[in-house]
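Chemist: Sending over final24.csv (CSV, C-alpha atoms).
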chain,number,residue,atom,x,y,z
A,1,MET,CA,19.2,8.0,-3.5
A,2,SER,CA,15.8,9.5,-3.1
A,3,SER,CA,13.8,12.3,-4.6
A,4,SER,CA,10.6,13.8,-3.3
A,5,ALA,CA,8.9,16.8,-1.9
A,6,PRO,CA,10.8,18.8,0.7
A,7,ASP,CA,11.9,16.8,3.7
A,8,PRO,CA,9.6,17.5,6.7
A,9,GLY,CA,12.6,16.8,8.9
A,10,PRO,CA,12.8,14.5,11.9
A,11,PRO,CA,10.0,14.0,14.3
A,12,ALA,CA,9.6,16.8,16.9
A,13,PRO,CA,11.6,16.2,20.1
A,14,PRO,CA,9.5,15.7,23.3
A,15,VAL,CA,8.5,18.9,25.1
A,16,SER,CA,9.2,19.1,28.8
A,17,ARG,CA,6.3,19.5,31.2
A,18,GLY,CA,7.5,22.9,32.3
A,19,ALA,CA,7.7,24.2,28.7
A,20,ARG,CA,4.2,23.0,28.1
A,21,THR,CA,2.9,24.7,31.3
A,22,SER,CA,4.6,28.0,30.3
A,23,ALA,CA,3.1,27.9,26.9
A,24,ASN,CA,-0.3,27.2,28.3
A,25,ARG,CA,-0.1,30.1,30.7
A,26,ALA,CA,1.1,32.4,28.0
A,27,ALA,CA,-1.8,31.5,25.8
A,28,ALA,CA,-4.2,32.0,28.7
A,29,ARG,CA,-2.8,35.5,29.2
A,30,GLY,CA,-3.2,36.3,25.5
A,31,LYS,CA,0.6,36.7,25.1
A,32,GLY,CA,1.0,33.5,23.1
A,33,SER,CA,-0.8,31.5,20.5
A,34,ALA,CA,-1.8,27.9,20.7
A,35,PRO,CA,-0.1,25.6,18.1
A,36,ASP,CA,-2.1,25.0,14.9
A,37,VAL,CA,-4.0,21.8,15.2
A,38,ALA,CA,-6.0,20.5,12.3
A,39,PRO,CA,-9.7,20.2,13.1
A,40,PRO,CA,-10.9,16.6,13.3
A,41,VAL,CA,-12.6,15.2,10.2
A,42,ALA,CA,-16.1,14.1,10.8
A,43,ALA,CA,-16.8,10.3,10.5
A,44,LEU,CA,-17.7,9.2,7.0
A,45,ASP,CA,-20.4,6.8,5.8
A,46,VAL,CA,-20.0,4.4,2.9
A,47,ASN,CA,-21.6,6.8,0.4
A,48,GLN,CA,-19.0,9.4,1.3
A,49,VAL,CA,-16.3,6.8,1.0
A,50,ALA,CA,-17.6,5.9,-2.5
A,51,GLU,CA,-17.7,9.6,-3.5
A,52,LEU,CA,-14.1,10.1,-2.2
A,53,ALA,CA,-12.9,7.1,-4.2
A,54,LYS,CA,-14.7,8.3,-7.3
A,55,ARG,CA,-13.0,11.7,-7.1
A,56,VAL,CA,-9.6,10.3,-6.6
A,57,ILE,CA,-9.9,7.8,-9.4
A,58,GLY,CA,-11.2,10.5,-11.8
A,59,ASN,CA,-8.3,12.7,-10.8
A,60,VAL,CA,-5.7,10.1,-11.3
A,61,GLU,CA,-7.1,9.1,-14.7
A,62,LEU,CA,-6.3,12.7,-15.9
A,63,ALA,CA,-2.7,11.5,-15.8
A,64,ILE,CA,-2.8,7.7,-16.2
A,65,VAL,CA,-4.8,6.1,-19.0
A,66,GLY,CA,-6.6,2.8,-18.9
A,67,LYS,CA,-5.8,1.5,-15.4
A,68,ARG,CA,-9.1,1.8,-13.6
A,69,LYS,CA,-9.0,-1.8,-12.3
A,70,GLN,CA,-5.5,-1.2,-10.8
A,71,LEU,CA,-6.6,2.2,-9.4
A,72,ILE,CA,-9.5,0.6,-7.6
A,73,LEU,CA,-7.2,-2.1,-6.2
A,74,SER,CA,-4.7,0.6,-5.1
A,75,LEU,CA,-7.5,2.4,-3.2
A,76,VAL,CA,-8.8,-0.8,-1.7
A,77,ALA,CA,-5.3,-1.6,-0.3
A,78,TRP,CA,-4.8,2.0,1.0
A,79,LEU,CA,-8.2,2.1,2.7
A,80,SER,CA,-7.4,-1.3,4.2
A,81,GLY,CA,-4.2,0.0,5.7
A,82,GLY,CA,-2.0,-2.3,3.6
A,83,HIS,CA,0.8,-1.9,1.2
A,84,ILE,CA,1.2,-2.7,-2.5
A,85,LEU,CA,3.8,-4.7,-4.6
A,86,LEU,CA,3.7,-3.7,-8.3
A,87,GLU,CA,5.4,-6.4,-10.3
A,88,ASP,CA,5.7,-5.3,-13.9
A,89,VAL,CA,8.2,-4.4,-16.7
A,90,PRO,CA,9.7,-0.9,-16.8
A,91,GLY,CA,7.8,2.0,-18.3
A,92,VAL,CA,4.2,1.1,-17.5
A,93,ALA,CA,3.5,4.1,-15.1
A,94,LYS,CA,4.3,2.4,-11.8
A,95,THR,CA,6.0,5.5,-10.4
A,96,MET,CA,3.4,7.8,-12.0
A,97,LEU,CA,0.6,5.9,-10.2
A,98,ALA,CA,2.3,6.5,-6.8
A,99,ARG,CA,2.8,10.2,-7.6
A,100,ALA,CA,-0.7,10.7,-8.8
A,101,LEU,CA,-2.2,9.1,-5.7
A,102,ALA,CA,-0.1,11.3,-3.5
A,103,LYS,CA,-1.0,14.5,-5.4
A,104,SER,CA,-4.7,13.6,-5.4
A,105,LEU,CA,-4.8,13.4,-1.6
A,106,GLY,CA,-2.2,16.1,-0.9
A,107,CYS,CA,0.1,13.6,0.8
A,108,GLN,CA,3.8,13.7,1.2
A,109,PHE,CA,5.6,11.6,-1.4
A,110,LYS,CA,9.2,10.2,-1.4
A,111,ARG,CA,11.0,7.8,-3.7
A,112,VAL,CA,13.9,5.5,-2.9
A,113,GLN,CA,15.8,3.9,-5.8
A,114,CYS,CA,16.9,0.6,-4.4
A,115,THR,CA,20.4,-0.6,-5.3
A,116,PRO,CA,22.7,-3.2,-3.8
A,117,ASP,CA,24.7,-0.5,-1.9
A,118,LEU,CA,21.6,1.1,-0.3
A,119,LEU,CA,21.9,0.8,3.5
A,120,PRO,CA,19.1,0.5,6.0
A,121,SER,CA,20.0,4.0,7.4
A,122,ASP,CA,19.5,5.4,3.9
A,123,VAL,CA,15.8,4.4,4.3
A,124,THR,CA,15.1,4.9,8.0
A,125,GLY,CA,17.5,7.8,8.9
A,126,THR,CA,20.5,8.0,11.2
A,127,SER,CA,21.8,10.0,14.2
A,128,ILE,CA,24.5,12.6,13.3
A,129,PHE,CA,26.8,14.2,15.9
A,130,ASN,CA,26.4,18.0,16.1
A,131,GLN,CA,29.7,19.5,17.1
A,132,LYS,CA,28.0,22.8,18.1
A,133,THR,CA,25.7,21.2,20.7
A,134,SER,CA,27.9,18.1,21.4
A,135,GLU,CA,24.7,16.0,20.9
A,136,PHE,CA,23.5,13.5,18.4
A,137,GLU,CA,20.7,14.7,16.2
A,138,PHE,CA,18.4,12.3,14.3
A,139,ARG,CA,18.1,13.0,10.6
A,140,ALA,CA,14.9,11.3,9.3
A,141,GLY,CA,15.2,9.1,6.2
A,142,PRO,CA,12.7,9.0,3.3
A,143,VAL,CA,10.5,6.5,5.1
A,144,PHE,CA,9.2,9.5,7.1
A,145,THR,CA,6.5,10.3,4.6
A,146,GLN,CA,3.0,9.3,3.7
A,147,ILE,CA,3.6,7.5,0.4
A,148,LEU,CA,6.9,5.8,-0.1
A,149,LEU,CA,7.9,4.4,-3.4
A,150,ALA,CA,10.5,1.7,-3.1
A,151,ASP,CA,11.6,1.4,-6.7
A,152,GLU,CA,13.0,-2.0,-7.7
A,153,ILE,CA,13.0,-3.3,-4.1
A,154,ASN,CA,14.5,-6.6,-5.1
A,155,ARG,CA,17.7,-4.9,-6.0
A,156,ALA,CA,18.3,-3.9,-2.4
A,157,THR,CA,20.0,-6.3,0.0
A,158,PRO,CA,17.9,-8.4,2.4
A,159,ARG,CA,19.1,-6.3,5.3
A,160,THR,CA,17.8,-3.1,3.6
A,161,GLN,CA,14.6,-4.8,2.5
A,162,ALA,CA,14.0,-5.8,6.2
A,163,SER,CA,14.4,-2.1,7.3
A,164,LEU,CA,10.9,-1.5,5.9
A,165,LEU,CA,9.2,-4.3,7.8
A,166,GLU,CA,8.5,-2.4,11.1
A,167,ALA,CA,7.2,0.6,9.2
A,168,MET,CA,4.9,-1.6,7.1
A,169,ALA,CA,3.6,-3.7,9.9
A,170,GLU,CA,3.3,-1.1,12.7
A,171,GLY,CA,3.5,2.3,11.1
A,172,ARG,CA,6.6,3.2,13.2
A,173,VAL,CA,10.4,3.2,12.9
A,174,THR,CA,13.0,2.4,15.6
A,175,VAL,CA,16.4,3.9,15.3
A,176,ASP,CA,19.1,3.9,18.0
A,177,GLY,CA,16.7,2.5,20.5
A,178,LYS,CA,14.1,5.3,19.9
A,179,THR,CA,10.8,4.7,18.3
A,180,TYR,CA,9.2,7.3,16.0
A,181,THR,CA,5.6,7.1,14.8
A,182,LEU,CA,4.9,7.6,11.1
A,183,LYS,CA,2.3,10.1,10.0
A,184,PRO,CA,-0.9,8.4,8.7
A,185,PRO,CA,-2.0,7.4,6.2
A,186,PHE,CA,1.2,5.6,5.5
A,187,LEU,CA,1.5,3.5,2.3
A,188,VAL,CA,4.5,1.7,0.8
A,189,ILE,CA,4.3,1.0,-3.0
A,190,ALA,CA,7.2,-1.3,-3.9
A,191,THR,CA,8.1,-2.2,-7.5
A,192,GLN,CA,10.1,-5.0,-9.0
A,193,ASN,CA,10.9,-6.1,-12.5
A,194,PRO,CA,9.8,-9.7,-13.2
A,195,VAL,CA,12.1,-10.1,-16.2
A,196,ASP,CA,15.6,-9.0,-15.2
A,197,HIS,CA,16.8,-11.0,-12.3
A,198,GLU,CA,20.5,-10.4,-12.6
A,199,GLY,CA,21.9,-8.8,-9.4
A,200,THR,CA,18.7,-9.0,-7.5
A,201,PHE,CA,17.7,-10.4,-4.1
A,202,PRO,CA,14.2,-12.0,-4.3
A,203,LEU,CA,11.9,-11.1,-1.5
A,204,PRO,CA,11.4,-14.0,0.9
A,205,GLU,CA,8.0,-15.5,1.4
A,206,ALA,CA,7.7,-13.9,4.9
A,207,GLN,CA,8.3,-10.5,3.5
A,208,LEU,CA,6.0,-11.0,0.5
A,209,ASP,CA,3.3,-11.8,3.1
A,210,ARG,CA,3.6,-8.3,4.5
A,211,PHE,CA,2.3,-6.8,1.3
A,212,LEU,CA,-1.5,-6.7,1.2
A,213,MET,CA,-1.7,-6.9,-2.6
A,214,ARG,CA,0.5,-7.8,-5.5
A,215,PHE,CA,-0.6,-7.0,-9.1
A,216,SER,CA,0.7,-5.6,-12.4
A,217,LEU,CA,-0.4,-2.7,-14.5
A,218,GLY,CA,0.2,-4.2,-17.9
A,219,TYR,CA,0.6,-2.7,-21.3
A,220,PRO,CA,-2.0,-0.2,-22.6
A,221,THR,CA,-4.1,-0.9,-25.7
A,222,VAL,CA,-3.3,0.9,-29.0
A,223,GLU,CA,-6.1,3.5,-28.4
A,224,GLU,CA,-5.0,4.1,-24.8
A,225,GLU,CA,-1.4,4.6,-26.0
A,226,LEU,CA,-2.5,7.0,-28.6
A,227,ARG,CA,-4.3,9.0,-26.0
A,228,MET,CA,-1.3,8.9,-23.8
A,229,LEU,CA,0.9,10.4,-26.6
A,230,ASP,CA,-1.6,13.3,-26.9
A,231,MET,CA,-1.5,13.9,-23.2
A,232,LEU,CA,2.3,13.9,-23.0
A,233,GLN,CA,2.9,16.1,-26.0
A,234,ARG,CA,3.9,19.1,-24.0
A,235,THR,CA,4.2,18.3,-20.3
A,236,HIS,CA,3.4,15.3,-18.1
A,237,PRO,CA,-0.2,15.7,-16.8
A,238,VAL,CA,0.8,14.4,-13.4
A,239,ASP,CA,2.6,17.6,-12.7
A,240,SER,CA,-0.6,19.6,-13.0
A,241,LEU,CA,-2.8,17.4,-10.8
A,242,GLU,CA,-4.4,19.0,-7.8
A,243,ALA,CA,-5.6,17.5,-4.6
A,244,VAL,CA,-9.3,16.5,-4.6
A,245,ALA,CA,-9.3,15.2,-1.0
A,246,THR,CA,-7.2,15.4,2.1
A,247,ALA,CA,-5.1,12.8,4.0
A,248,GLU,CA,-7.4,13.3,7.0
A,249,GLN,CA,-10.4,12.3,4.9
A,250,LEU,CA,-8.6,9.1,3.8
A,251,VAL,CA,-7.8,8.3,7.4
A,252,ALA,CA,-11.5,8.8,8.2
A,253,ALA,CA,-12.4,6.6,5.3
A,254,GLN,CA,-10.1,3.9,6.7
A,255,ALA,CA,-12.0,4.0,9.9
A,256,ALA,CA,-15.4,3.9,8.1
A,257,ILE,CA,-14.7,0.7,6.2
A,258,ARG,CA,-14.3,-1.2,9.4
A,259,GLU,CA,-18.0,-0.6,10.1
A,260,VAL,CA,-19.0,-2.4,6.8
A,261,HIS,CA,-21.1,-5.5,7.7
A,262,VAL,CA,-19.8,-8.9,6.8
A,263,ASP,CA,-22.5,-11.6,7.0
A,264,PRO,CA,-21.4,-14.8,8.8
A,265,ARG,CA,-22.0,-16.8,5.5
A,266,VAL,CA,-19.6,-14.5,3.7
A,267,ARG,CA,-17.1,-14.9,6.5
A,268,HIS,CA,-17.4,-18.7,6.2
A,269,TYR,CA,-17.0,-18.5,2.4
A,270,LEU,CA,-13.8,-16.4,2.9
A,271,LEU,CA,-12.4,-18.9,5.4
A,272,GLN,CA,-13.2,-21.8,3.2
A,273,VAL,CA,-11.1,-20.3,0.4
A,274,VAL,CA,-8.1,-19.8,2.6
A,275,HIS,CA,-8.3,-23.2,4.3
A,276,GLN,CA,-8.7,-24.9,1.0
A,277,THR,CA,-5.4,-23.5,-0.2
A,278,ARG,CA,-3.7,-25.0,2.9
A,279,HIS,CA,-4.9,-28.5,1.8
A,280,SER,CA,-4.4,-28.2,-1.9
A,281,GLU,CA,-2.2,-30.9,-3.4
A,282,HIS,CA,-0.7,-28.4,-5.8
A,283,LEU,CA,0.6,-26.0,-3.1
A,284,ALA,CA,3.5,-26.3,-0.7
A,285,LEU,CA,2.3,-23.3,1.3
A,286,GLY,CA,-1.3,-22.0,1.5
A,287,GLY,CA,-2.7,-18.7,2.8
A,288,SER,CA,-1.7,-17.6,6.3
A,289,PRO,CA,-4.0,-16.1,9.0
A,290,ARG,CA,-2.7,-12.7,7.8
A,291,ALA,CA,-4.2,-13.6,4.4
A,292,THR,CA,-7.5,-14.2,6.0
A,293,ILE,CA,-7.5,-10.8,7.7
A,294,ALA,CA,-6.3,-9.2,4.4
A,295,LEU,CA,-9.2,-10.7,2.5
A,296,PHE,CA,-11.7,-9.7,5.1
A,297,ARG,CA,-10.5,-6.0,5.2
A,298,CYS,CA,-10.2,-5.7,1.4
A,299,ALA,CA,-13.7,-7.1,0.9
A,300,GLN,CA,-15.0,-4.4,3.3
A,301,ALA,CA,-13.1,-1.7,1.4
A,302,MET,CA,-14.4,-3.0,-2.0
A,303,ALA,CA,-18.0,-2.9,-0.7
A,304,ALA,CA,-17.5,0.7,0.6
A,305,ILE,CA,-16.0,1.9,-2.7
A,306,ARG,CA,-19.1,0.5,-4.4
A,307,GLY,CA,-21.3,2.4,-1.9
A,308,ARG,CA,-22.6,-0.6,0.1
A,309,SER,CA,-22.6,-1.0,3.8
A,310,PHE,CA,-22.4,-4.8,3.5
A,311,VAL,CA,-20.1,-7.3,1.8
A,312,LEU,CA,-21.2,-9.6,-1.0
A,313,PRO,CA,-19.3,-12.8,-2.1
A,314,ASP,CA,-18.5,-10.9,-5.3
A,315,ASP,CA,-16.5,-8.4,-3.3
A,316,VAL,CA,-14.4,-11.3,-1.9
A,317,LYS,CA,-13.9,-12.9,-5.3
A,318,LYS,CA,-12.7,-9.6,-6.8
A,319,VAL,CA,-9.8,-9.2,-4.2
A,320,ILE,CA,-8.8,-12.9,-4.0
A,321,PRO,CA,-6.2,-12.9,-6.8
A,322,PRO,CA,-4.2,-9.8,-5.8
A,323,VAL,CA,-4.4,-10.7,-2.1
A,324,MET,CA,-3.6,-14.4,-2.4
A,325,ASN,CA,-1.3,-14.9,-5.4
A,326,HIS,CA,2.0,-13.9,-3.8
A,327,ARG,CA,1.2,-15.7,-0.6
A,328,LEU,CA,1.0,-19.2,-2.2
A,329,ILE,CA,4.0,-21.5,-3.1
A,330,LEU,CA,3.6,-24.1,-5.7
A,331,ARG,CA,5.0,-27.6,-5.3
A,332,PRO,CA,7.9,-28.4,-7.7
A,333,GLU,CA,5.9,-31.0,-9.5
A,334,SER,CA,3.1,-28.5,-10.0
A,335,ARG,CA,5.6,-26.1,-11.6
A,336,LEU,CA,6.7,-28.8,-14.0
A,337,ARG,CA,3.1,-29.3,-15.0
A,338,LYS,CA,3.0,-25.5,-15.9
A,339,LEU,CA,0.5,-24.8,-13.1
A,340,THR,CA,0.3,-21.2,-11.7
A,341,THR,CA,-1.2,-19.9,-8.5
A,342,GLU,CA,-3.9,-18.2,-10.6
A,343,LYS,CA,-5.0,-21.6,-12.0
A,344,VAL,CA,-4.9,-23.2,-8.5
A,345,LEU,CA,-7.1,-20.4,-7.1
A,346,ASP,CA,-9.5,-20.8,-9.9
A,347,GLU,CA,-9.7,-24.5,-9.1
A,348,VAL,CA,-10.2,-23.8,-5.4
A,349,LEU,CA,-13.0,-21.3,-6.1
A,350,GLY,CA,-14.7,-23.7,-8.4
A,351,GLU,CA,-15.0,-26.3,-5.6
A,352,ILE,CA,-16.6,-23.9,-3.0
A,353,ALA,CA,-20.3,-23.1,-3.1
A,354,VAL,CA,-20.9,-19.3,-3.2
A,355,PRO,CA,-23.4,-18.2,-0.6
A,356,THR,CA,-26.5,-16.3,-1.6
A,357,ILE,CA,-26.8,-12.9,0.2
A,358,HIS,CA,-29.8,-10.7,-0.3
A,359,ALA,CA,-29.6,-6.9,0.3
As structure tokens - that is how I would like this structure written.
Modeler:
Amino acid sequence: MSSSAPDPGPPAPPVSRGARTSANRAAARGKGSAPDVAPPVAALDVNQVAELAKRVIGNVELAIVGKRKQLILSLVAWLSGGHILLEDVPGVAKTMLARALAKSLGCQFKRVQCTPDLLPSDVTGTSIFNQKTSEFEFRAGPVFTQILLADEINRATPRTQASLLEAMAEGRVTVDGKTYTLKPPFLVIATQNPVDHEGTFPLPEAQLDRFLMRFSLGYPTVEEELRMLDMLQRTHPVDSLEAVATAEQLVAAQAAIREVHVDPRVRHYLLQVVHQTRHSEHLALGGSPRATIALFRCAQAMAAIRGRSFVLPDDVKKVIPPVMNHRLILRPESRLRKLTTEKVLDEVLGEIAVPTIHA
């Protein structure tokens, strides 16, 4: 049900104190070698984060044409520690986007094709009895990776959809009473087809709220599609992509964006937007406190990608649609009047004064 790079296997079992002591003594005597430990990556500043984003975007665009806006949003979500829901028709490079991001940062990538018969254990893994040792061994599932593509997630049953919630919210997985921590940076990119709803299980609102962003890729222009045909004439360019950064650098960038300054006036503007959705006559459900945190973190990431150490109101406005659209529920009478969450958000933004922030 899944295809990917080679399986790294289950998390390493705990090492006893005696075994650790023996290993340390052997290393001290020169008869053993210490385990390979990756050197820590130095802290990044916003200029280095912007340079990192520029390299990754440029590399991904060698394989995917005309999706810069979506690439920026994908990096904003990843730097913010969130997850992405891609809602679009088949064949617009949703899978290629996930693969290109993984290759650009040298991250492990796995793909799960969601179907109605997919079980939670097919995602998280399961314990198998080993007759030789008379013990149960944990076989890790595809969720033990750094980028997981859950293709057509709405075709999986609610039980299987829910198996991803702990991994998405806490970066860990609990199986048979044991908790395993996932290797950072962990990103779930889920896709769903908005046209074909036969045999699907729509994601409930509580689970949609777990996705930091929802957006679509859209069809390319004629010029972009012509360029795409030239690129695909012999082989797919995503197969030849090389890493331009490391996963450790992305983790350092995730820590760096949290130091981006957010002026109290910008914070108040952000809160006004969320609170206004909770009181809109067109909405049955407005933005949650999780939506407030998501806007705050995404605005920081957007500012860092642009090379600024402070957030502007424009940074907030850029991320409002992908962060808020899937968290709002229209009233039935609003649907009858052909209103959309996009139109409601435009109306909300038009009623709130934008603060003036000087560099």
Chemist: Please measure the separation of CA of His326 (chain A) and CA of Gln300 (chain A), giving the value in Å to one decimal.
Modeler: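 We find that CA of His326 (chain A) and CA of Gln300 (chain A) lie 20.7 Å from each other.
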Chemist: With only C-alpha atoms as the basis for distance, which of A:Leu336, A:Val311, A:Met168, A:Leu217 is at the shortest distance from Thr95 (chain A)?
Modeler: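 Closest to Thr95 (chain A) of all the choices is A:Leu217.
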Chemist: Counting only C-alpha atoms, which residue out of A:Val323, A:Ala162, A:Leu250, A:Leu85 sits closest to Val56 (chain A)?
Modeler: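 Answer, going by the shortest atom-to-atom distance: A:Leu250.
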Chemist: Might you pull out every residue within 7 Å of region 47-51 of chain A, with all atoms listed in the file counted and same-chain residues fewer than 4 positions away left off, and present them as a list in words?
Modeler: Arg55, Ala253, Ala304, Ile305, Arg306 and Gly307 of chain A
Chemist: I'd like the interatomic distance between CA of Val251 (chain A) and CA of Leu208 (chain A), to a tenth of an Å.
Modeler: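 Answer for the CA of Val251 (chain A) to CA of Leu208 (chain A) separation: 24.7 Å.
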